[in-house]
file input.txt (compact mmCIF, N, CA, C and O atoms)
# COMPACT_ATOMS: atom_id res chain seq x y z
N MET A 1 107.63 107.63 102.08
CA MET A 1 106.29 107.24 101.70
C MET A 1 105.71 108.32 100.79
O MET A 1 105.76 109.50 101.11
N LYS A 2 105.16 107.91 99.68
CA LYS A 2 104.58 108.86 98.72
C LYS A 2 103.08 109.03 98.90
O LYS A 2 102.53 110.09 98.63
N THR A 3 102.40 107.96 99.35
CA THR A 3 100.94 108.01 99.47
C THR A 3 100.51 107.42 100.80
O THR A 3 100.91 106.31 101.16
N PHE A 4 99.68 108.16 101.52
CA PHE A 4 99.03 107.67 102.74
C PHE A 4 97.58 107.42 102.36
O PHE A 4 96.89 108.33 101.90
N LYS A 5 97.12 106.18 102.53
CA LYS A 5 95.74 105.87 102.11
C LYS A 5 95.10 104.87 103.07
O LYS A 5 95.68 103.82 103.37
N ILE A 6 93.92 105.22 103.54
CA ILE A 6 93.06 104.33 104.31
C ILE A 6 91.77 104.25 103.50
O ILE A 6 91.17 105.28 103.20
N ASP A 7 91.34 103.04 103.17
CA ASP A 7 90.16 102.88 102.32
C ASP A 7 89.34 101.68 102.77
O ASP A 7 89.87 100.58 102.93
N GLY A 8 88.05 101.91 102.99
CA GLY A 8 87.11 100.82 103.22
C GLY A 8 87.12 100.21 104.61
O GLY A 8 86.71 99.07 104.76
N LEU A 9 87.56 100.94 105.61
CA LEU A 9 87.53 100.43 106.98
C LEU A 9 86.23 100.90 107.63
O LEU A 9 86.18 101.94 108.32
N ALA A 10 85.17 100.17 107.40
CA ALA A 10 83.82 100.58 107.79
C ALA A 10 83.64 100.78 109.29
O ALA A 10 82.82 101.59 109.71
N GLN A 11 84.39 100.08 110.13
CA GLN A 11 84.24 100.18 111.58
C GLN A 11 85.20 101.18 112.22
O GLN A 11 85.11 101.42 113.43
N LEU A 12 86.08 101.77 111.45
CA LEU A 12 87.07 102.71 111.98
C LEU A 12 86.37 103.96 112.53
O LEU A 12 85.58 104.60 111.84
N LYS A 13 86.63 104.30 113.80
CA LYS A 13 85.99 105.46 114.43
C LYS A 13 86.91 106.67 114.54
O LYS A 13 86.44 107.79 114.50
N SER A 14 88.21 106.44 114.70
CA SER A 14 89.12 107.57 114.84
C SER A 14 90.50 107.24 114.29
O SER A 14 90.90 106.07 114.25
N VAL A 15 91.20 108.29 113.89
CA VAL A 15 92.58 108.18 113.41
C VAL A 15 93.38 109.21 114.20
O VAL A 15 92.99 110.38 114.26
N LYS A 16 94.47 108.77 114.81
CA LYS A 16 95.34 109.68 115.53
C LYS A 16 96.77 109.44 115.07
O LYS A 16 97.29 108.33 115.18
N ILE A 17 97.38 110.49 114.54
CA ILE A 17 98.74 110.42 114.00
C ILE A 17 99.60 111.39 114.79
O ILE A 17 99.26 112.57 114.91
N GLY A 18 100.69 110.91 115.35
CA GLY A 18 101.54 111.72 116.21
C GLY A 18 102.36 112.77 115.47
O GLY A 18 102.35 112.87 114.25
N LYS A 19 103.10 113.54 116.23
CA LYS A 19 103.95 114.61 115.73
C LYS A 19 105.07 114.05 114.83
O LYS A 19 105.63 112.99 115.11
N ASN A 20 105.39 114.77 113.75
CA ASN A 20 106.48 114.43 112.82
C ASN A 20 106.30 113.08 112.12
O ASN A 20 107.27 112.46 111.72
N SER A 21 105.07 112.65 111.94
CA SER A 21 104.81 111.38 111.27
C SER A 21 104.67 111.59 109.77
O SER A 21 104.17 112.62 109.31
N PHE A 22 105.11 110.63 109.00
CA PHE A 22 104.98 110.63 107.55
C PHE A 22 105.57 111.89 106.92
O PHE A 22 104.98 112.51 106.03
N THR A 23 106.70 112.28 107.39
CA THR A 23 107.42 113.41 106.80
C THR A 23 108.88 113.01 106.63
O THR A 23 109.39 112.16 107.37
N TRP A 24 109.54 113.59 105.68
CA TRP A 24 110.90 113.21 105.35
C TRP A 24 111.89 113.59 106.46
O TRP A 24 112.81 112.85 106.76
N LYS A 25 111.68 114.72 107.09
CA LYS A 25 112.63 115.22 108.07
C LYS A 25 111.87 115.86 109.24
O LYS A 25 110.91 116.58 109.04
N LYS A 26 112.31 115.61 110.47
CA LYS A 26 111.68 116.14 111.67
C LYS A 26 111.59 117.67 111.62
O LYS A 26 112.54 118.34 111.25
N ASN A 27 110.42 118.20 111.97
CA ASN A 27 110.15 119.64 112.00
C ASN A 27 110.42 120.31 110.66
O ASN A 27 110.84 121.45 110.59
N TYR A 28 110.17 119.60 109.60
CA TYR A 28 110.45 120.05 108.24
C TYR A 28 109.14 120.39 107.52
O TYR A 28 108.08 119.91 107.89
N TYR A 29 109.24 121.17 106.50
CA TYR A 29 108.09 121.42 105.63
C TYR A 29 108.58 121.45 104.19
O TYR A 29 109.75 121.63 103.92
N GLY A 30 107.68 121.24 103.27
CA GLY A 30 108.02 121.23 101.86
C GLY A 30 106.75 121.23 101.04
O GLY A 30 105.67 121.49 101.55
N ASN A 31 106.86 120.90 99.76
CA ASN A 31 105.70 120.92 98.89
C ASN A 31 105.89 119.90 97.77
O ASN A 31 105.88 120.26 96.60
N ASP A 32 106.04 118.65 98.12
CA ASP A 32 106.24 117.59 97.15
C ASP A 32 104.89 117.16 96.59
O ASP A 32 104.11 116.47 97.26
N GLU A 33 104.59 117.55 95.36
CA GLU A 33 103.28 117.28 94.76
C GLU A 33 103.06 115.81 94.44
O GLU A 33 101.95 115.40 94.13
N SER A 34 104.10 114.99 94.53
CA SER A 34 103.94 113.55 94.29
C SER A 34 103.45 112.81 95.53
O SER A 34 103.12 111.63 95.46
N LYS A 35 103.37 113.49 96.67
CA LYS A 35 102.92 112.87 97.92
C LYS A 35 101.46 113.26 98.19
O LYS A 35 101.11 114.44 98.12
N SER A 36 100.63 112.24 98.51
CA SER A 36 99.20 112.51 98.68
C SER A 36 98.64 111.78 99.91
O SER A 36 99.20 110.81 100.39
N PHE A 37 97.50 112.27 100.39
CA PHE A 37 96.82 111.80 101.60
C PHE A 37 95.37 111.50 101.23
O PHE A 37 94.70 112.33 100.63
N HIS A 38 94.89 110.29 101.59
CA HIS A 38 93.52 109.89 101.26
C HIS A 38 92.92 109.08 102.39
O HIS A 38 93.53 108.11 102.85
N ILE A 39 91.74 109.46 102.83
CA ILE A 39 90.92 108.62 103.70
C ILE A 39 89.57 108.50 103.00
O ILE A 39 88.88 109.51 102.79
N LEU A 40 89.21 107.27 102.63
CA LEU A 40 88.05 107.02 101.79
C LEU A 40 87.17 105.90 102.36
O LEU A 40 87.69 104.92 102.90
N ASN A 41 85.87 106.06 102.24
CA ASN A 41 84.91 104.99 102.51
C ASN A 41 85.04 104.41 103.92
O ASN A 41 85.03 103.19 104.11
N CYS A 42 85.17 105.28 104.90
CA CYS A 42 85.21 104.88 106.31
C CYS A 42 83.97 105.49 106.97
O CYS A 42 84.04 106.54 107.62
N GLU A 43 82.83 104.83 106.79
CA GLU A 43 81.53 105.37 107.16
C GLU A 43 81.37 105.73 108.64
O GLU A 43 80.60 106.61 108.98
N SER A 44 82.08 105.06 109.53
CA SER A 44 81.93 105.30 110.97
C SER A 44 82.93 106.31 111.52
O SER A 44 82.91 106.62 112.71
N LEU A 45 83.81 106.84 110.68
CA LEU A 45 84.86 107.74 111.13
C LEU A 45 84.27 109.02 111.73
O LEU A 45 83.45 109.69 111.11
N GLU A 46 84.67 109.32 112.97
CA GLU A 46 84.18 110.49 113.69
C GLU A 46 85.25 111.55 113.90
O GLU A 46 84.94 112.72 114.02
N SER A 47 86.52 111.14 113.99
CA SER A 47 87.56 112.13 114.26
C SER A 47 88.89 111.74 113.63
O SER A 47 89.20 110.56 113.49
N ILE A 48 89.63 112.78 113.27
CA ILE A 48 90.99 112.63 112.75
C ILE A 48 91.86 113.65 113.49
O ILE A 48 91.53 114.83 113.50
N GLU A 49 92.93 113.19 114.12
CA GLU A 49 93.89 114.07 114.78
C GLU A 49 95.25 113.86 114.10
O GLU A 49 95.71 112.73 113.98
N ILE A 50 95.85 114.96 113.68
CA ILE A 50 97.16 114.89 113.03
C ILE A 50 98.11 115.82 113.78
O ILE A 50 97.84 117.01 113.91
N GLY A 51 99.21 115.26 114.27
CA GLY A 51 100.18 116.01 115.04
C GLY A 51 100.98 117.00 114.20
O GLY A 51 101.07 116.90 112.97
N GLU A 52 101.57 117.94 114.90
CA GLU A 52 102.38 118.99 114.29
C GLU A 52 103.47 118.41 113.39
O GLU A 52 104.12 117.43 113.73
N TYR A 53 103.66 119.00 112.22
CA TYR A 53 104.66 118.65 111.21
C TYR A 53 104.42 117.32 110.52
O TYR A 53 105.19 116.93 109.65
N SER A 54 103.36 116.60 110.85
CA SER A 54 103.06 115.37 110.14
C SER A 54 102.55 115.71 108.74
O SER A 54 101.80 116.67 108.56
N PHE A 55 102.99 114.96 107.76
CA PHE A 55 102.64 115.18 106.35
C PHE A 55 103.08 116.57 105.87
O PHE A 55 102.56 117.08 104.89
N SER A 56 104.03 117.18 106.53
CA SER A 56 104.38 118.57 106.25
C SER A 56 105.06 118.80 104.90
O SER A 56 105.12 119.92 104.43
N ASP A 57 105.53 117.73 104.27
CA ASP A 57 106.11 117.90 102.94
C ASP A 57 105.20 117.34 101.85
O ASP A 57 105.56 117.29 100.69
N PHE A 58 103.98 116.95 102.22
CA PHE A 58 103.00 116.46 101.25
C PHE A 58 102.37 117.66 100.54
O PHE A 58 101.78 118.54 101.16
N GLY A 59 102.49 117.71 99.22
CA GLY A 59 101.94 118.83 98.45
C GLY A 59 100.93 118.40 97.41
O GLY A 59 100.41 119.23 96.66
N GLY A 60 100.63 117.10 97.36
CA GLY A 60 99.67 116.59 96.38
C GLY A 60 98.26 116.62 96.92
O GLY A 60 97.90 117.46 97.75
N ASP A 61 97.45 115.69 96.48
CA ASP A 61 96.04 115.63 96.87
C ASP A 61 95.86 115.39 98.36
O ASP A 61 96.63 114.66 98.99
N PHE A 62 94.84 116.03 98.92
CA PHE A 62 94.39 115.77 100.29
C PHE A 62 92.92 115.47 100.15
O PHE A 62 92.12 116.34 99.82
N GLU A 63 92.55 114.20 100.38
CA GLU A 63 91.20 113.75 100.06
C GLU A 63 90.55 113.05 101.24
O GLU A 63 91.09 112.11 101.81
N LEU A 64 89.37 113.52 101.61
CA LEU A 64 88.49 112.86 102.58
C LEU A 64 87.16 112.66 101.87
O LEU A 64 86.52 113.62 101.45
N LYS A 65 86.73 111.38 101.76
CA LYS A 65 85.52 111.12 101.00
C LYS A 65 84.76 109.94 101.60
O LYS A 65 85.36 108.91 101.91
N ASN A 66 83.44 110.09 101.70
CA ASN A 66 82.54 109.05 102.20
C ASN A 66 82.89 108.58 103.58
O ASN A 66 82.94 107.48 103.93
call {"tool": "encode", "arguments": {"input": "input.txt", "output": "structure tokens"}}
result
Amino acid sequence: MKTFKIDGLAQLKSVKIGKNSFTWKKNYYGNDESKSFHILNCESLESIEIGEYSFSDFGGDFELKN
């Protein structure tokens, strides 16, 4: 997966992502600038939990907005 994006979920209150999610290899790290993370326009969002090593090879944009 190159892009993780959640956009426009007005009723979303929380996001919980487990360990080693959305990464190429378990317990791996890297810096792939083509991979990006975005959570946008989720007005009710109160919390985000991201487990260890998740998105660990994502080196592109990390965006939280609105």
call {"tool": "atom_distance", "arguments": {"input": "input.txt", "atom1": "atom C of Phe22 of chain A", "atom2": "atom CA of Leu9 of chain A"}}
result
21.4 Å
call {"tool": "atom_distance", "arguments": {"input": "input.txt", "atom1": "atom N of Tyr29 of chain A", "atom2": "atom N of Gly59 of chain A"}}
result
10.5 Å
call {"tool": "closest_residue", "arguments": {"input": "input.txt", "among": "A:Ile17, A:Lys2, A:Lys65, A:Gln11", "to": "Asn41 of chain A", "atoms": "only N, CA, C and O atoms"}}
result
A:Lys65
call {"tool": "residues_near_point", "arguments": {"input": "input.txt", "point": "(106.6, 114.8, 106.9)", "cutoff": "7 Å", "atoms": "all atoms listed in the file", "output": "list in words"}}
result
Asn20, Ser21, Phe22, Thr23, Trp24, Lys25, Lys26, Tyr28, Tyr29, Tyr53, Ser54, Phe55, Ser56, Asp57 and Phe58 of chain A
call {"tool": "residues_near_point", "arguments": {"input": "input.txt", "point": "(85.5, 110.9, 110.6)", "cutoff": "12 Å", "atoms": "only C-alpha atoms", "output": "list in words"}}
result
Ile6, Leu9, Ala10, Gln11, Leu12, Lys13, Ser14, Val15, Lys16, Ile39, Leu40, Asn41, Cys42, Glu43, Ser44, Leu45, Glu46, Ser47, Ile48, Glu49, Leu64, Lys65 and Asn66 of chain A
call {"tool": "closest_residue", "arguments": {"input": "input.txt", "among": "A:Asn31, A:Met1, A:Gly8, A:Phe37", "to": "Phe62 of chain A", "atoms": "only N, CA, C and O atoms"}}
result
A:Phe37
call {"tool": "closest_residue", "arguments": {"input": "input.txt", "among": "A:Gly18, A:Phe4, A:Asp32, A:Gly51", "to": "Glu63 of chain A", "atoms": "only N, CA, C and O atoms"}}
result
A:Phe4
call {"tool": "select_by_dssp", "arguments": {"input": "input.txt", "residues": "chain A", "states": "strand (DSSP E)", "output": "VMD selection string"}}
result
chain A and resid 3 to 7 14 to 17 36 to 40 47 to 50 62 to 65
call {"tool": "build_atoms", "arguments": {"input": "input.txt", "residues": "segment 11-22 of chain A", "atoms": "all heavy atoms", "output": "PDB file, keeping the file's coordinate frame"}}
result
ATOM      1  N   GLN A  11      84.390 100.080 110.130  1.00  0.00           N
ATOM      2  CA  GLN A  11      84.240 100.180 111.580  1.00  0.00           C
ATOM      3  C   GLN A  11      85.200 101.180 112.220  1.00  0.00           C
ATOM      4  O   GLN A  11      85.110 101.420 113.430  1.00  0.00           O
ATOM      5  CB  GLN A  11      84.427  98.800 112.216  1.00  0.00           C
ATOM      6  CG  GLN A  11      83.472  97.745 111.699  1.00  0.00           C
ATOM      7  CD  GLN A  11      82.019  98.117 111.920  1.00  0.00           C
ATOM      8  OE1 GLN A  11      81.634  98.554 112.992  1.00  0.00           O
ATOM      9  NE2 GLN A  11      81.204  97.952 110.886  1.00  0.00           N
ATOM     10  N   LEU A  12      86.080 101.770 111.450  1.00  0.00           N
ATOM     11  CA  LEU A  12      87.070 102.710 111.980  1.00  0.00           C
ATOM     12  C   LEU A  12      86.370 103.960 112.530  1.00  0.00           C
ATOM     13  O   LEU A  12      85.580 104.600 111.840  1.00  0.00           O
ATOM     14  CB  LEU A  12      88.044 103.118 110.875  1.00  0.00           C
ATOM     15  CG  LEU A  12      89.182 104.065 111.273  1.00  0.00           C
ATOM     16  CD1 LEU A  12      90.146 103.351 112.216  1.00  0.00           C
ATOM     17  CD2 LEU A  12      89.910 104.547 110.025  1.00  0.00           C
ATOM     18  N   LYS A  13      86.630 104.300 113.800  1.00  0.00           N
ATOM     19  CA  LYS A  13      85.990 105.460 114.430  1.00  0.00           C
ATOM     20  C   LYS A  13      86.910 106.670 114.540  1.00  0.00           C
ATOM     21  O   LYS A  13      86.440 107.790 114.500  1.00  0.00           O
ATOM     22  CB  LYS A  13      85.463 105.075 115.802  1.00  0.00           C
ATOM     23  CG  LYS A  13      84.355 104.060 115.741  1.00  0.00           C
ATOM     24  CD  LYS A  13      83.420 104.217 116.897  1.00  0.00           C
ATOM     25  CE  LYS A  13      82.333 103.181 116.813  1.00  0.00           C
ATOM     26  NZ  LYS A  13      81.105 103.737 116.370  1.00  0.00           N
ATOM     27  N   SER A  14      88.210 106.440 114.700  1.00  0.00           N
ATOM     28  CA  SER A  14      89.120 107.570 114.840  1.00  0.00           C
ATOM     29  C   SER A  14      90.500 107.240 114.290  1.00  0.00           C
ATOM     30  O   SER A  14      90.900 106.070 114.250  1.00  0.00           O
ATOM     31  CB  SER A  14      89.233 108.012 116.303  1.00  0.00           C
ATOM     32  OG  SER A  14      89.852 107.013 117.073  1.00  0.00           O
ATOM     33  N   VAL A  15      91.200 108.290 113.890  1.00  0.00           N
ATOM     34  CA  VAL A  15      92.580 108.180 113.410  1.00  0.00           C
ATOM     35  C   VAL A  15      93.380 109.210 114.200  1.00  0.00           C
ATOM     36  O   VAL A  15      92.990 110.380 114.260  1.00  0.00           O
ATOM     37  CB  VAL A  15      92.687 108.476 111.893  1.00  0.00           C
ATOM     38  CG1 VAL A  15      94.133 108.511 111.451  1.00  0.00           C
ATOM     39  CG2 VAL A  15      91.896 107.469 111.089  1.00  0.00           C
ATOM     40  N   LYS A  16      94.470 108.770 114.810  1.00  0.00           N
ATOM     41  CA  LYS A  16      95.340 109.680 115.530  1.00  0.00           C
ATOM     42  C   LYS A  16      96.770 109.440 115.070  1.00  0.00           C
ATOM     43  O   LYS A  16      97.290 108.330 115.180  1.00  0.00           O
ATOM     44  CB  LYS A  16      95.236 109.462 117.038  1.00  0.00           C
ATOM     45  CG  LYS A  16      96.018 110.466 117.840  1.00  0.00           C
ATOM     46  CD  LYS A  16      95.760 110.319 119.328  1.00  0.00           C
ATOM     47  CE  LYS A  16      96.508 111.383 120.100  1.00  0.00           C
ATOM     48  NZ  LYS A  16      96.237 111.288 121.544  1.00  0.00           N
ATOM     49  N   ILE A  17      97.380 110.490 114.540  1.00  0.00           N
ATOM     50  CA  ILE A  17      98.740 110.420 114.000  1.00  0.00           C
ATOM     51  C   ILE A  17      99.600 111.390 114.790  1.00  0.00           C
ATOM     52  O   ILE A  17      99.260 112.570 114.910  1.00  0.00           O
ATOM     53  CB  ILE A  17      98.737 110.763 112.488  1.00  0.00           C
ATOM     54  CG1 ILE A  17      97.882 109.729 111.745  1.00  0.00           C
ATOM     55  CG2 ILE A  17     100.154 110.817 111.943  1.00  0.00           C
ATOM     56  CD1 ILE A  17      97.546 110.089 110.338  1.00  0.00           C
ATOM     57  N   GLY A  18     100.690 110.910 115.350  1.00  0.00           N
ATOM     58  CA  GLY A  18     101.540 111.720 116.210  1.00  0.00           C
ATOM     59  C   GLY A  18     102.360 112.770 115.470  1.00  0.00           C
ATOM     60  O   GLY A  18     102.350 112.870 114.250  1.00  0.00           O
ATOM     61  N   LYS A  19     103.100 113.540 116.230  1.00  0.00           N
ATOM     62  CA  LYS A  19     103.950 114.610 115.730  1.00  0.00           C
ATOM     63  C   LYS A  19     105.070 114.050 114.830  1.00  0.00           C
ATOM     64  O   LYS A  19     105.630 112.990 115.110  1.00  0.00           O
ATOM     65  CB  LYS A  19     104.559 115.355 116.918  1.00  0.00           C
ATOM     66  CG  LYS A  19     105.408 116.542 116.560  1.00  0.00           C
ATOM     67  CD  LYS A  19     105.888 117.250 117.825  1.00  0.00           C
ATOM     68  CE  LYS A  19     106.769 118.428 117.475  1.00  0.00           C
ATOM     69  NZ  LYS A  19     107.228 119.144 118.658  1.00  0.00           N
ATOM     70  N   ASN A  20     105.390 114.770 113.750  1.00  0.00           N
ATOM     71  CA  ASN A  20     106.480 114.430 112.820  1.00  0.00           C
ATOM     72  C   ASN A  20     106.300 113.080 112.120  1.00  0.00           C
ATOM     73  O   ASN A  20     107.270 112.460 111.720  1.00  0.00           O
ATOM     74  CB  ASN A  20     107.835 114.468 113.529  1.00  0.00           C
ATOM     75  CG  ASN A  20     108.271 115.862 113.863  1.00  0.00           C
ATOM     76  OD1 ASN A  20     108.336 116.729 113.010  1.00  0.00           O
ATOM     77  ND2 ASN A  20     108.542 116.103 115.136  1.00  0.00           N
ATOM     78  N   SER A  21     105.070 112.650 111.940  1.00  0.00           N
ATOM     79  CA  SER A  21     104.810 111.380 111.270  1.00  0.00           C
ATOM     80  C   SER A  21     104.670 111.590 109.770  1.00  0.00           C
ATOM     81  O   SER A  21     104.170 112.620 109.310  1.00  0.00           O
ATOM     82  CB  SER A  21     103.521 110.751 111.810  1.00  0.00           C
ATOM     83  OG  SER A  21     103.648 110.473 113.184  1.00  0.00           O
ATOM     84  N   PHE A  22     105.110 110.630 109.000  1.00  0.00           N
ATOM     85  CA  PHE A  22     104.980 110.630 107.550  1.00  0.00           C
ATOM     86  C   PHE A  22     105.570 111.890 106.920  1.00  0.00           C
ATOM     87  O   PHE A  22     104.980 112.510 106.030  1.00  0.00           O
ATOM     88  CB  PHE A  22     103.517 110.448 107.126  1.00  0.00           C
ATOM     89  CG  PHE A  22     102.904 109.192 107.667  1.00  0.00           C
ATOM     90  CD1 PHE A  22     102.083 109.229 108.780  1.00  0.00           C
ATOM     91  CD2 PHE A  22     103.182 107.965 107.083  1.00  0.00           C
ATOM     92  CE1 PHE A  22     101.529 108.074 109.300  1.00  0.00           C
ATOM     93  CE2 PHE A  22     102.625 106.801 107.591  1.00  0.00           C
ATOM     94  CZ  PHE A  22     101.798 106.853 108.696  1.00  0.00           C
TER      95      PHE A  22
END
